[in-house]
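A.B. asks: coords.txt is reproduced below (compact mmCIF, C-alpha atoms (C1' of nucleotides)).
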```
# COMPACT_ATOMS: atom_id res chain seq x y z
CA MET X 1 33.12 -4.39 -23.65
CA THR X 2 33.44 -2.55 -20.37
CA THR X 3 32.68 -5.44 -17.99
CA ALA X 4 33.46 -9.09 -18.46
CA THR X 5 30.82 -11.28 -16.82
CA SER X 6 28.11 -8.61 -16.60
CA ASN X 7 28.11 -7.46 -13.01
CA GLN X 8 27.56 -9.85 -10.15
CA SER X 9 26.95 -7.40 -7.32
CA ARG X 10 24.64 -5.21 -9.30
CA ASP X 11 22.29 -8.09 -10.06
CA ARG X 12 22.34 -9.25 -6.49
CA ILE X 13 21.41 -5.78 -5.32
CA VAL X 14 18.49 -5.53 -7.74
CA SER X 15 17.15 -8.98 -6.83
CA ALA X 16 17.37 -8.24 -3.12
CA ALA X 17 15.65 -4.90 -3.64
CA GLN X 18 12.81 -6.49 -5.60
CA LYS X 19 12.31 -9.07 -2.90
CA LEU X 20 12.25 -6.50 -0.08
CA PHE X 21 10.17 -3.98 -2.01
CA TRP X 22 7.58 -6.71 -2.50
CA ARG X 23 7.58 -7.69 1.15
CA ASP X 24 7.94 -4.30 2.85
CA GLY X 25 7.54 -1.63 0.20
CA VAL X 26 10.11 0.89 -0.96
CA THR X 27 9.67 3.40 1.87
CA ALA X 28 10.24 0.82 4.56
CA THR X 29 13.26 -0.76 2.86
CA SER X 30 16.58 0.93 3.62
CA PRO X 31 19.85 0.74 1.73
CA ARG X 32 21.22 -1.10 4.75
CA ASP X 33 18.44 -3.69 4.52
CA ILE X 34 19.31 -4.31 0.90
CA MET X 35 23.03 -4.60 1.65
CA GLY X 36 22.17 -7.17 4.31
CA GLU X 37 19.86 -9.16 2.04
CA SER X 38 22.19 -9.11 -0.94
CA GLY X 39 25.44 -9.52 0.98
CA VAL X 40 26.91 -6.59 -0.92
CA GLY X 41 28.95 -4.02 0.98
CA GLN X 42 28.28 -0.33 1.34
CA GLY X 43 31.00 0.86 -1.02
CA SER X 44 29.85 -1.47 -3.73
CA PHE X 45 26.23 -0.65 -3.17
CA TYR X 46 26.64 3.09 -3.60
CA HIS X 47 28.97 2.58 -6.50
CA HIS X 48 26.25 0.84 -8.51
CA PHE X 49 23.33 2.92 -7.25
CA PRO X 50 24.26 6.40 -6.01
CA THR X 51 20.75 7.03 -4.67
CA LYS X 52 17.79 4.98 -3.56
CA HIS X 53 15.84 6.43 -6.42
CA ASP X 54 18.24 4.94 -8.97
CA LEU X 55 17.88 1.49 -7.51
CA ALA X 56 14.13 1.77 -7.11
CA PHE X 57 13.75 2.82 -10.71
CA THR X 58 15.81 -0.09 -11.99
CA ALA X 59 14.10 -2.63 -9.75
CA ILE X 60 10.55 -1.44 -10.35
CA SER X 61 10.97 -1.02 -14.09
CA ASP X 62 12.26 -4.55 -14.31
CA THR X 63 9.36 -5.91 -12.26
CA VAL X 64 6.83 -4.07 -14.41
CA THR X 65 8.42 -5.26 -17.63
CA SER X 66 8.49 -8.90 -16.63
CA SER X 67 4.98 -8.83 -15.19
CA LEU X 68 3.63 -7.39 -18.42
CA MET X 69 5.60 -9.97 -20.36
CA ALA X 70 4.05 -12.78 -18.34
CA ALA X 71 0.55 -11.39 -18.84
CA ARG X 72 1.16 -10.98 -22.54
CA LEU X 73 2.37 -14.55 -22.91
CA GLN X 74 -0.77 -15.83 -21.26
CA LEU X 75 -3.30 -13.50 -22.85
CA GLN X 76 -1.93 -13.88 -26.36
CA SER X 77 -1.33 -17.61 -26.35
CA GLU X 78 -3.06 -20.20 -28.50
CA GLY X 79 -6.66 -21.16 -27.83
CA ARG X 80 -9.99 -19.41 -27.61
CA ALA X 81 -10.08 -15.88 -26.25
CA TYR X 82 -12.47 -16.80 -23.47
CA ASP X 83 -10.24 -19.63 -22.31
CA ARG X 84 -7.22 -17.37 -22.21
CA LEU X 85 -9.14 -14.90 -20.09
CA VAL X 86 -10.17 -17.60 -17.66
CA ALA X 87 -6.61 -18.88 -17.55
CA TYR X 88 -5.34 -15.40 -16.80
CA LEU X 89 -7.87 -14.83 -14.05
CA THR X 90 -7.45 -18.18 -12.38
CA ARG X 91 -3.70 -18.48 -12.59
CA GLU X 92 -1.82 -19.20 -9.39
CA ARG X 93 -0.91 -16.03 -7.57
CA ASP X 94 0.86 -15.47 -4.29
CA ALA X 95 -2.25 -13.68 -3.21
CA VAL X 96 -1.46 -13.32 0.49
CA PHE X 97 1.76 -11.49 -0.36
CA GLY X 98 -0.08 -8.90 -2.39
CA CYS X 99 0.72 -7.57 -5.84
CA LYS X 100 4.33 -6.49 -6.30
CA ILE X 101 3.19 -3.56 -8.38
CA GLY X 102 -0.22 -2.75 -6.92
CA ARG X 103 1.25 -2.30 -3.46
CA LEU X 104 3.51 0.47 -4.76
CA THR X 105 0.39 2.55 -5.20
CA ALA X 106 0.33 2.94 -1.40
CA ASP X 107 4.03 3.71 -1.17
CA PRO X 108 4.83 7.41 -0.64
CA THR X 109 8.38 7.05 -1.91
CA VAL X 110 7.00 5.75 -5.20
CA MET X 111 4.03 8.05 -5.59
CA THR X 112 5.94 11.26 -4.89
CA ASP X 113 8.60 10.36 -7.46
CA ASN X 114 7.52 11.09 -11.02
CA ASP X 115 9.64 8.42 -12.67
CA LEU X 116 8.50 5.70 -10.34
CA ALA X 117 4.85 6.77 -10.35
CA MET X 118 4.76 6.79 -14.15
CA THR X 119 6.27 3.34 -14.31
CA VAL X 120 3.56 2.00 -12.02
CA SER X 121 0.88 3.86 -13.93
CA SER X 122 2.02 2.42 -17.23
CA TYR X 123 1.73 -1.10 -15.88
CA PHE X 124 -1.98 -0.70 -15.32
CA THR X 125 -2.77 1.06 -18.56
CA ASP X 126 -0.78 -1.47 -20.57
CA LEU X 127 -2.25 -4.45 -18.77
CA THR X 128 -5.78 -3.16 -19.24
CA VAL X 129 -5.21 -2.79 -22.97
CA LEU X 130 -3.97 -6.39 -23.19
CA VAL X 131 -7.13 -7.61 -21.49
CA ARG X 132 -9.37 -5.39 -23.56
CA ASP X 133 -7.97 -6.80 -26.79
CA VAL X 134 -8.80 -10.31 -25.67
CA LEU X 135 -12.35 -9.26 -24.82
CA ILE X 136 -12.75 -7.71 -28.25
CA GLU X 137 -11.44 -10.88 -29.82
CA GLN X 138 -13.97 -12.81 -27.77
CA GLY X 139 -16.77 -10.77 -29.28
CA ARG X 140 -17.46 -8.40 -26.39
CA VAL X 141 -16.81 -5.31 -28.46
CA GLU X 142 -19.46 -3.21 -26.78
CA SER X 143 -18.06 -2.58 -23.32
CA ALA X 144 -14.68 -4.22 -23.77
CA THR X 145 -12.79 -1.35 -22.17
CA ASP X 146 -15.05 -1.24 -19.12
CA ILE X 147 -14.96 -4.98 -18.62
CA ALA X 148 -11.18 -5.00 -19.04
CA HIS X 149 -10.95 -2.48 -16.22
CA ALA X 150 -13.17 -4.74 -14.13
CA VAL X 151 -10.96 -7.75 -14.84
CA VAL X 152 -7.80 -5.97 -13.72
CA ALA X 153 -9.63 -4.49 -10.73
CA VAL X 154 -10.90 -7.86 -9.56
CA VAL X 155 -7.37 -9.23 -9.53
CA GLN X 156 -5.97 -6.20 -7.73
CA GLY X 157 -8.82 -6.18 -5.26
CA GLY X 158 -8.35 -9.90 -4.77
CA TYR X 159 -4.76 -9.26 -3.79
CA VAL X 160 -5.78 -6.57 -1.31
CA MET X 161 -8.47 -8.73 0.29
CA ALA X 162 -6.33 -11.85 0.40
CA LYS X 163 -3.47 -9.99 2.03
CA ALA X 164 -5.78 -8.27 4.50
CA THR X 165 -7.33 -11.56 5.60
CA GLU X 166 -4.18 -13.62 5.09
CA ASN X 167 -6.32 -16.01 3.10
CA PRO X 168 -5.60 -16.90 -0.53
CA ASP X 169 -9.10 -18.34 -0.98
CA VAL X 170 -10.48 -14.84 -0.84
CA MET X 171 -8.77 -14.01 -4.12
CA ARG X 172 -10.10 -17.24 -5.62
CA ALA X 173 -13.62 -16.44 -4.45
CA ALA X 174 -13.51 -12.99 -6.03
CA VAL X 175 -12.32 -14.44 -9.32
CA ARG X 176 -14.95 -17.21 -9.23
CA GLY X 177 -17.65 -14.65 -8.56
CA PHE X 178 -16.50 -12.53 -11.44
CA LEU X 179 -16.28 -15.48 -13.80
CA ALA X 180 -19.77 -16.58 -12.79
CA LEU X 181 -21.05 -13.26 -14.10
CA LEU X 182 -18.78 -13.17 -17.12
CA SER X 183 -19.94 -16.56 -18.32
CA GLU X 184 -23.57 -16.16 -17.30
CA GLY X 185 -25.08 -15.25 -20.66
CA LEU X 186 -22.34 -16.99 -22.59
CA GLU X 187 -24.15 -19.57 -24.71
CA THR X 188 -26.64 -17.04 -26.01
CA SER X 189 -24.78 -13.74 -26.19
CA HIS X 190 -21.15 -14.15 -27.08
CA GLU X 191 -18.75 -16.19 -29.10
CA GLN X 192 -16.82 -18.54 -26.89
CA MET T 1 -17.07 12.70 35.01
CA THR T 2 -13.33 12.86 34.56
CA THR T 3 -13.17 15.38 31.75
CA ALA T 4 -15.48 18.28 31.08
CA THR T 5 -15.73 18.94 27.35
CA SER T 6 -14.43 15.53 26.26
CA ASN T 7 -10.85 16.10 25.24
CA GLN T 8 -9.97 18.64 22.62
CA SER T 9 -6.37 17.69 21.91
CA ARG T 10 -7.03 14.00 21.78
CA ASP T 11 -9.62 14.41 19.05
CA ARG T 12 -7.39 16.73 17.08
CA ILE T 13 -4.60 14.18 17.24
CA VAL T 14 -6.82 11.36 16.02
CA SER T 15 -8.24 13.43 13.15
CA ALA T 16 -4.80 14.53 12.05
CA ALA T 17 -3.55 10.94 12.23
CA GLN T 18 -6.45 9.68 10.13
CA LYS T 19 -5.79 12.33 7.52
CA LEU T 20 -2.06 11.61 7.32
CA PHE T 21 -2.48 7.82 7.46
CA TRP T 22 -4.79 8.10 4.49
CA ARG T 23 -2.40 10.29 2.53
CA ASP T 24 0.95 8.75 3.46
CA GLY T 25 0.29 5.55 5.36
CA VAL T 26 1.15 4.74 8.94
CA THR T 27 4.81 3.85 8.39
CA ALA T 28 5.58 7.11 6.66
CA THR T 29 3.74 9.27 9.18
CA SER T 30 5.78 10.27 12.21
CA PRO T 31 4.60 11.50 15.58
CA ARG T 32 6.19 14.82 14.68
CA ASP T 33 4.12 14.99 11.47
CA ILE T 34 0.97 14.46 13.47
CA MET T 35 1.93 17.09 16.03
CA GLY T 36 2.48 19.52 13.18
CA GLU T 37 -0.81 18.71 11.47
CA SER T 38 -2.86 18.79 14.66
CA GLY T 39 -1.09 21.72 16.29
CA VAL T 40 -0.74 19.68 19.47
CA GLY T 41 2.58 19.77 21.32
CA GLN T 42 4.86 16.88 22.16
CA GLY T 43 4.03 16.64 25.84
CA SER T 44 0.34 16.58 25.13
CA PHE T 45 0.75 14.12 22.29
CA TYR T 46 2.59 11.52 24.32
CA HIS T 47 0.29 12.05 27.24
CA HIS T 48 -2.70 10.91 25.18
CA PHE T 49 -0.90 8.28 23.13
CA PRO T 50 2.21 6.82 24.76
CA THR T 51 3.15 4.91 21.61
CA LYS T 52 2.48 5.16 17.91
CA HIS T 53 0.70 1.82 18.15
CA ASP T 54 -1.86 3.24 20.57
CA LEU T 55 -2.70 6.09 18.27
CA ALA T 56 -2.75 3.92 15.17
CA PHE T 57 -5.12 1.48 16.82
CA THR T 58 -7.52 4.22 17.85
CA ALA T 59 -7.41 5.98 14.49
CA ILE T 60 -7.71 2.85 12.35
CA SER T 61 -10.45 1.27 14.45
CA ASP T 62 -12.46 4.45 14.16
CA THR T 63 -11.98 4.60 10.40
CA VAL T 64 -13.02 0.97 10.02
CA THR T 65 -16.08 1.43 12.19
CA SER T 66 -17.35 4.47 10.36
CA SER T 67 -16.64 3.00 6.93
CA LEU T 68 -18.62 -0.11 7.81
CA MET T 69 -21.37 2.08 9.19
CA ALA T 70 -21.56 4.02 5.93
CA ALA T 71 -21.67 0.82 3.88
CA ARG T 72 -24.35 -0.62 6.12
CA LEU T 73 -26.50 2.46 5.81
CA GLN T 74 -26.35 2.27 2.04
CA LEU T 75 -26.67 -1.48 1.62
CA GLN T 76 -29.52 -1.86 4.08
CA SER T 77 -31.56 1.17 3.05
CA GLU T 78 -35.03 1.15 1.53
CA GLY T 79 -35.55 0.07 -2.05
CA ARG T 80 -34.85 -3.00 -4.13
CA ALA T 81 -31.74 -5.04 -3.36
CA TYR T 82 -30.36 -4.61 -6.86
CA ASP T 83 -30.72 -0.84 -6.71
CA ARG T 84 -28.91 -0.69 -3.38
CA LEU T 85 -26.07 -2.70 -4.85
CA VAL T 86 -25.79 -0.37 -7.81
CA ALA T 87 -25.93 2.63 -5.49
CA TYR T 88 -23.15 1.16 -3.37
CA LEU T 89 -20.95 0.42 -6.36
CA THR T 90 -21.46 3.74 -8.09
CA ARG T 91 -21.26 6.00 -5.09
CA GLU T 92 -18.83 8.88 -5.22
CA ARG T 93 -15.42 7.87 -3.99
CA ASP T 94 -12.19 9.81 -3.73
CA ALA T 95 -10.74 7.19 -5.99
CA VAL T 96 -7.42 8.87 -6.77
CA PHE T 97 -6.61 9.07 -3.07
CA GLY T 98 -7.03 5.35 -2.65
CA CYS T 99 -8.96 3.45 0.01
CA LYS T 100 -8.20 4.55 3.56
CA ILE T 101 -8.37 0.97 4.70
CA GLY T 102 -7.21 -0.97 1.66
CA ARG T 103 -3.93 0.97 1.55
CA LEU T 104 -3.09 -0.26 5.05
CA THR T 105 -2.69 -3.70 3.55
CA ALA T 106 0.59 -2.48 2.06
CA ASP T 107 1.74 -0.82 5.25
CA PRO T 108 4.40 -2.80 7.16
CA THR T 109 3.66 -1.03 10.44
CA VAL T 110 0.06 -2.22 10.20
CA MET T 111 0.64 -5.71 8.90
CA THR T 112 3.31 -6.63 11.44
CA ASP T 113 1.10 -5.52 14.32
CA ASN T 114 -1.52 -8.09 15.25
CA ASP T 115 -4.08 -5.65 16.60
CA LEU T 116 -3.91 -3.42 13.56
CA ALA T 117 -3.82 -6.27 11.08
CA MET T 118 -6.90 -7.87 12.62
CA THR T 119 -8.78 -4.60 12.51
CA VAL T 120 -8.08 -4.27 8.81
CA SER T 121 -8.94 -7.89 8.21
CA SER T 122 -12.28 -7.56 9.97
CA TYR T 123 -13.24 -4.67 7.72
CA PHE T 124 -13.08 -6.84 4.64
CA THR T 125 -14.81 -9.86 6.10
CA ASP T 126 -17.59 -7.72 7.55
CA LEU T 127 -18.05 -5.70 4.38
CA THR T 128 -18.18 -8.82 2.26
CA VAL T 129 -20.92 -10.26 4.46
CA LEU T 130 -22.96 -7.08 4.09
CA VAL T 131 -22.73 -7.32 0.31
CA ARG T 132 -23.46 -11.02 0.28
CA ASP T 133 -26.68 -10.53 2.22
CA VAL T 134 -27.90 -8.03 -0.34
CA LEU T 135 -27.12 -10.47 -3.14
CA ILE T 136 -29.06 -13.19 -1.39
CA GLU T 137 -31.95 -10.80 -0.93
CA GLN T 138 -31.77 -10.04 -4.63
CA GLY T 139 -32.22 -13.72 -5.41
CA ARG T 140 -28.63 -14.63 -6.25
CA VAL T 141 -28.45 -17.30 -3.61
CA GLU T 142 -26.26 -19.64 -5.60
CA SER T 143 -22.90 -17.90 -5.70
CA ALA T 144 -23.71 -14.97 -3.43
CA THR T 145 -20.50 -15.30 -1.43
CA ASP T 146 -18.30 -15.43 -4.50
CA ILE T 147 -20.03 -12.51 -6.17
CA ALA T 148 -19.84 -10.51 -2.94
CA HIS T 149 -16.09 -11.04 -2.94
CA ALA T 150 -16.00 -9.85 -6.55
CA VAL T 151 -17.98 -6.72 -5.67
CA VAL T 152 -15.61 -5.74 -2.87
CA ALA T 153 -12.60 -6.63 -5.02
CA VAL T 154 -13.75 -4.47 -7.92
CA VAL T 155 -14.03 -1.48 -5.63
CA GLN T 156 -10.64 -2.11 -4.04
CA GLY T 157 -9.04 -2.75 -7.39
CA GLY T 158 -10.70 0.37 -8.72
CA TYR T 159 -9.02 2.36 -5.97
CA VAL T 160 -5.63 0.87 -6.77
CA MET T 161 -5.94 1.51 -10.50
CA ALA T 162 -7.34 5.01 -10.08
CA LYS T 163 -4.56 5.97 -7.72
CA ALA T 164 -1.89 4.43 -9.95
CA THR T 165 -3.10 6.34 -12.99
CA GLU T 166 -4.24 9.41 -11.07
CA ASN T 167 -7.51 9.09 -12.92
CA PRO T 168 -10.87 8.66 -11.15
CA ASP T 169 -12.55 7.52 -14.37
CA VAL T 170 -10.63 4.29 -14.13
CA MET T 171 -12.57 3.34 -11.00
CA ARG T 172 -15.81 4.29 -12.75
CA ALA T 173 -14.92 2.18 -15.77
CA ALA T 174 -14.21 -0.86 -13.61
CA VAL T 175 -17.53 -0.48 -11.84
CA ARG T 176 -19.41 0.04 -15.11
CA GLY T 177 -17.79 -3.05 -16.55
CA PHE T 178 -18.75 -5.08 -13.53
CA LEU T 179 -22.31 -3.80 -13.55
CA ALA T 180 -22.62 -4.59 -17.23
CA LEU T 181 -21.97 -8.23 -16.38
CA LEU T 182 -24.03 -8.22 -13.21
CA SER T 183 -27.11 -6.93 -15.00
CA GLU T 184 -26.57 -8.87 -18.21
CA GLY T 185 -29.01 -11.72 -17.65
CA LEU T 186 -31.16 -9.71 -15.29
CA GLU T 187 -34.63 -9.75 -16.87
CA THR T 188 -34.59 -13.50 -17.27
CA SER T 189 -32.54 -14.86 -14.39
CA HIS T 190 -33.01 -12.87 -11.23
CA GLU T 191 -35.47 -10.85 -9.26
CA GLN T 192 -34.75 -7.17 -9.62
C1' DG W 1 34.61 -2.07 -7.81
C1' DT W 2 34.87 -2.60 -2.98
C1' DC W 3 36.15 -1.30 1.88
C1' DT W 4 35.97 1.47 6.21
C1' DA W 5 35.10 5.76 8.53
C1' DT W 6 32.29 9.59 9.21
C1' DA W 7 28.10 12.67 9.14
C1' DC W 8 23.71 14.66 10.06
C1' DG W 9 18.77 14.79 10.28
C1' DA W 10 14.52 12.20 11.35
C1' DG W 11 11.92 8.67 13.94
C1' DG W 12 10.24 7.43 18.21
C1' DA W 13 10.29 8.16 22.34
C1' DT W 14 11.60 9.44 27.90
C1' DA W 15 12.30 12.85 31.89
C1' DG W 16 11.08 16.30 34.68
C1' DA W 17 9.13 20.98 35.34
C1' DC W 18 4.81 23.79 35.29
C1' DG N 1 -2.63 18.04 30.46
C1' DT N 2 1.00 20.56 28.38
C1' DC N 3 5.86 22.30 27.77
C1' DT N 4 10.90 21.97 26.87
C1' DA N 5 15.07 19.30 26.96
C1' DT N 6 17.39 15.24 25.98
C1' DC N 7 18.37 10.55 24.05
C1' DC N 8 19.64 6.80 21.00
C1' DT N 9 19.06 4.42 16.70
C1' DC N 10 18.31 4.25 11.81
C1' DG N 11 18.05 6.22 7.04
C1' DT N 12 20.67 8.01 3.58
C1' DA N 13 24.29 9.15 2.11
C1' DT N 14 29.65 11.26 1.34
C1' DA N 15 34.88 10.82 1.56
C1' DG N 16 38.94 8.74 0.77
C1' DA N 17 41.91 4.58 0.77
C1' DC N 18 42.91 -0.01 -1.52
```
Show how you would write the structure in this file as C-alpha cells.

C.D. replies:
Amino acid sequence: MTTATSNQSRDRIVSAAQKLFWRDGVTATSPRDIMGESGVGQGSFYHHFPTKHDLAFTAISDTVTSSLMAARLQLQSEGRAYDRLVAYLTRERDAVFGCKIGRLTADPTVMTDNDLAMTVSSYFTDLTVLVRDVLIEQGRVESATDIAHAVVAVVQGGYVMAKATENPDVMRAAVRGFLALLSEGLETSHEQ
Amino acid sequence: MTTATSNQSRDRIVSAAQKLFWRDGVTATSPRDIMGESGVGQGSFYHHFPTKHDLAFTAISDTVTSSLMAARLQLQSEGRAYDRLVAYLTRERDAVFGCKIGRLTADPTVMTDNDLAMTVSSYFTDLTVLVRDVLIEQGRVESATDIAHAVVAVVQGGYVMAKATENPDVMRAAVRGFLALLSEGLETSHEQ
DNA sequence: GTCTATACGAGGATAGAC
DNA sequence: GTCTATCCTCGTATAGAC
C-alpha cells in the first residue's frame, strides 16, 4: 500500500469542491476558494490536483456516480413500478439550490472541457434509461422513452424554476401537475 | 431631443452582451469580451455602462421582456386553447444552446444581485401565469396552476437535457412525452 | 505531502485628454 | 461620446525548501 489512512487532505479538497461547485459553479470557484473552504494549504492542494481540471473531473464524476446510484436505488426498489416513479418524482430535493449536475450545463468551464461535458451528458442519458425501464415495467411500452425524457425534464425544470423564484413549492407544483397527467387515465389504460 | 439617431454604440453593446451572456453566462463574460464582440472601445463602453451590473440589467431585462412578448403572442393567438398550447410546446427552439433566461439561474453574478435575480424570477412567474390562463381556457380549471408549472418545467428541463447531451431531439422527446400525457384523456375529459 | 514565495495575465474598472 | 493610459485584485498556477 502506498498510503496508510487513505488521504485526508485529498478528500477534504474534493468535498469542498463539490460544495462550492454546487453553490457557485465551477467557473466561479477558484483554487483559492477551495483551499479556504477545505482548510488545505496551497502546496498540498496542487500536490493532489495539479490543475483545476483534474479536481473538477474527480469531483463531478463522483457527484454523477452517487446521484445515479441514489436514483437507481429508488427506481429499482421493491413495490409497484408506478409507486416507485411517484416516489422518485416527489422525493425531497433541495430545489432552491438547483441541481448539482444540471447547473453544470450552464458552466463554460464544464461545457468547453470534453471530459467534464461527457460526464454531465452521461448522467442524463443514464438517468433517462433508468426511468424508461420503470415506465416499461409499468406497462407504458408505447412512448416510454418520450415520457422518460419528460420525467427527467420536469425535475430539471423544477429545479430551474424553484431556484429562479427561490421557492421550493414551485418544484412541487410542477411535479404535481405532471403526476396529475400521468395518473389521469390510470384505472382504464395502464397497469398500476 | 438629446440624441439624434438614438445611440449606435449603446445598442451594439447591448446586443453583444446578450449574445455572450447566452453563450457563456454573465460571470464568464468580461467587459473586454463585450468590447471585442461589439467593436466598441473602452471609453465608449464605460461611458454608456459605468458598471457591469448596469449593462447586465439592461441586457437581461430586454431579453426577459421580449421572451415574454413572444410567449404571449403565441399563447394568446387565435385558435383553440389546446392548439395554442401544443404550438407553444413544440415551437422551434435552439435547444442545444440552452435557455437564455433559464441559464442565468446558475449564474452567480445574476443570483447574488437582487435586481438581476428578481428580473429572472419575474420571467418564470409571468410565463407560468400565461400558460395557466390557457389551460383554464381549455377547461382544465382543476389543476391549471400545477399543470402550467409542469409545462414550463418540461421546456426548461428540455433545454438542460438537450444542452447536456448536445442533442436537440432530447428536448423534442421530452415535449412529445408530455403531450402524450396531456392529450391522453382528451376526447372524454376536456374541451379541445 | 505540505509550506512559502513568486509570477503573469485577465477582470473590472478609473483618469484625463480629445 | 470616444480614446489611451493606468491601476489593483484575483485566478491559476510554478519553484524550491522542509

A.B. asks: I need the chain N residues near chain T as a PyMOL selection string; criterion: at most 12 Å, counting all atoms listed in the file.

C.D. replies: chain N and resi 1-5

A.B. asks: Mind pulling up the distance from CA of Val152 in chain T to CA of Val96 in chain T?

C.D. replies: 17.2 Å

A.B. asks: Give the answer as one residue: which of T:Gln8, T:Ser38, T:Thr51, T:Thr109 has the shortest atom-to-atom distance to Val26 in chain T, using only C-alpha atoms?

C.D. replies: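 The answer is T:Thr109, which sits nearest to Val26 in chain T.
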
A.B. asks: List every residue of chain X that has an atom at most 7 Å from any atom of chain T, giving for each one its closest atom pair and the distance in Å to one decimal, counting all atoms listed in the file, sorted by chain and then by ascending residue number, as CSV.

C.D. replies:
```
residue,atom,partner,partner_atom,distance
X:Asp24,CA,T:Pro108,CA,5.8
X:Gly102,CA,T:Val160,CA,6.5
X:Arg103,CA,T:Ala106,CA,5.6
X:Thr105,CA,T:Ala164,CA,5.6
X:Ala106,CA,T:Arg103,CA,5.5
X:Pro108,CA,T:Asp24,CA,5.8
X:Val120,CA,T:Ala164,CA,6.3
X:Ser121,CA,T:Thr165,CA,4.8
X:Phe124,CA,T:Met161,CA,6.6
X:Ser143,CA,T:Gly177,CA,6.8
X:Asp146,CA,T:Gly177,CA,4.2
X:Ile147,CA,T:Gly177,CA,4.0
X:His149,CA,T:Ala174,CA,4.5
X:Ala150,CA,T:Ala174,CA,4.1
X:Ala153,CA,T:Gly157,CA,3.8
X:Val154,CA,T:Val154,CA,4.7
X:Gln156,CA,T:Gly157,CA,4.6
X:Gly157,CA,T:Ala153,CA,3.8
X:Gly158,CA,T:Ala153,CA,5.4
X:Val160,CA,T:Thr105,CA,6.4
X:Met161,CA,T:Phe124,CA,6.6
X:Lys163,CA,T:Thr105,CA,6.5
X:Ala164,CA,T:Ser121,CA,4.9
X:Thr165,CA,T:Ser121,CA,4.8
X:Ala173,CA,T:Asp146,CA,4.8
X:Ala174,CA,T:Ala150,CA,4.0
X:Val175,CA,T:Ala150,CA,6.5
X:Arg176,CA,T:Asp146,CA,6.1
X:Gly177,CA,T:Ile147,CA,4.0
X:Phe178,CA,T:Ala150,CA,5.6
X:Leu181,CA,T:Leu181,CA,5.6
X:Leu182,CA,T:Leu181,CA,5.9
X:Gly185,CA,T:Gly185,CA,6.1
```

A.B. asks: Given a cut-off of 9 Å, which residues of chain T touch chain W, counting only C-alpha atoms (C1' of nucleotides), written out as a PyMOL selection string?

C.D. replies: chain T and resi 30-32+46+50-52

A.B. asks: As an exercise, work out the distance from CA of Asn114 in chain T to C1' of DC8 in chain N in Å and give it to one decimal place.

C.D. replies: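 Going from CA of Asn114 in chain T over to C1' of DC8 in chain N, I get 26.5 Å.
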
A.B. asks: Quick check, in Å to one decimal: how far apart do CA of Ala56 in chain T and CA of Asp11 in chain T lie?

C.D. replies: 13.1 Å

A.B. asks: Which residues are close to range 59-64 of chain T, i.e. within 6 Å by all atoms listed in the file, leaving aside same-chain residues fewer than 3 positions away? Reply as number ranges by chain.

C.D. replies: T: 14, 18, 56, 67

A.B. asks: Any chance you could export the current selection's C-alpha atoms as a short mmCIF file (atom, residue, chain, number, x, y, z; two decimals), keeping the file's coordinate frame?

C.D. replies:
```
data_model
loop_
_atom_site.label_atom_id
_atom_site.label_comp_id
_atom_site.auth_asym_id
_atom_site.auth_seq_id
_atom_site.Cartn_x
_atom_site.Cartn_y
_atom_site.Cartn_z
CA VAL T 14 -6.82 11.36 16.02
CA GLN T 18 -6.45 9.68 10.13
CA ALA T 56 -2.75 3.92 15.17
CA SER T 67 -16.64 3.00 6.93
#
```
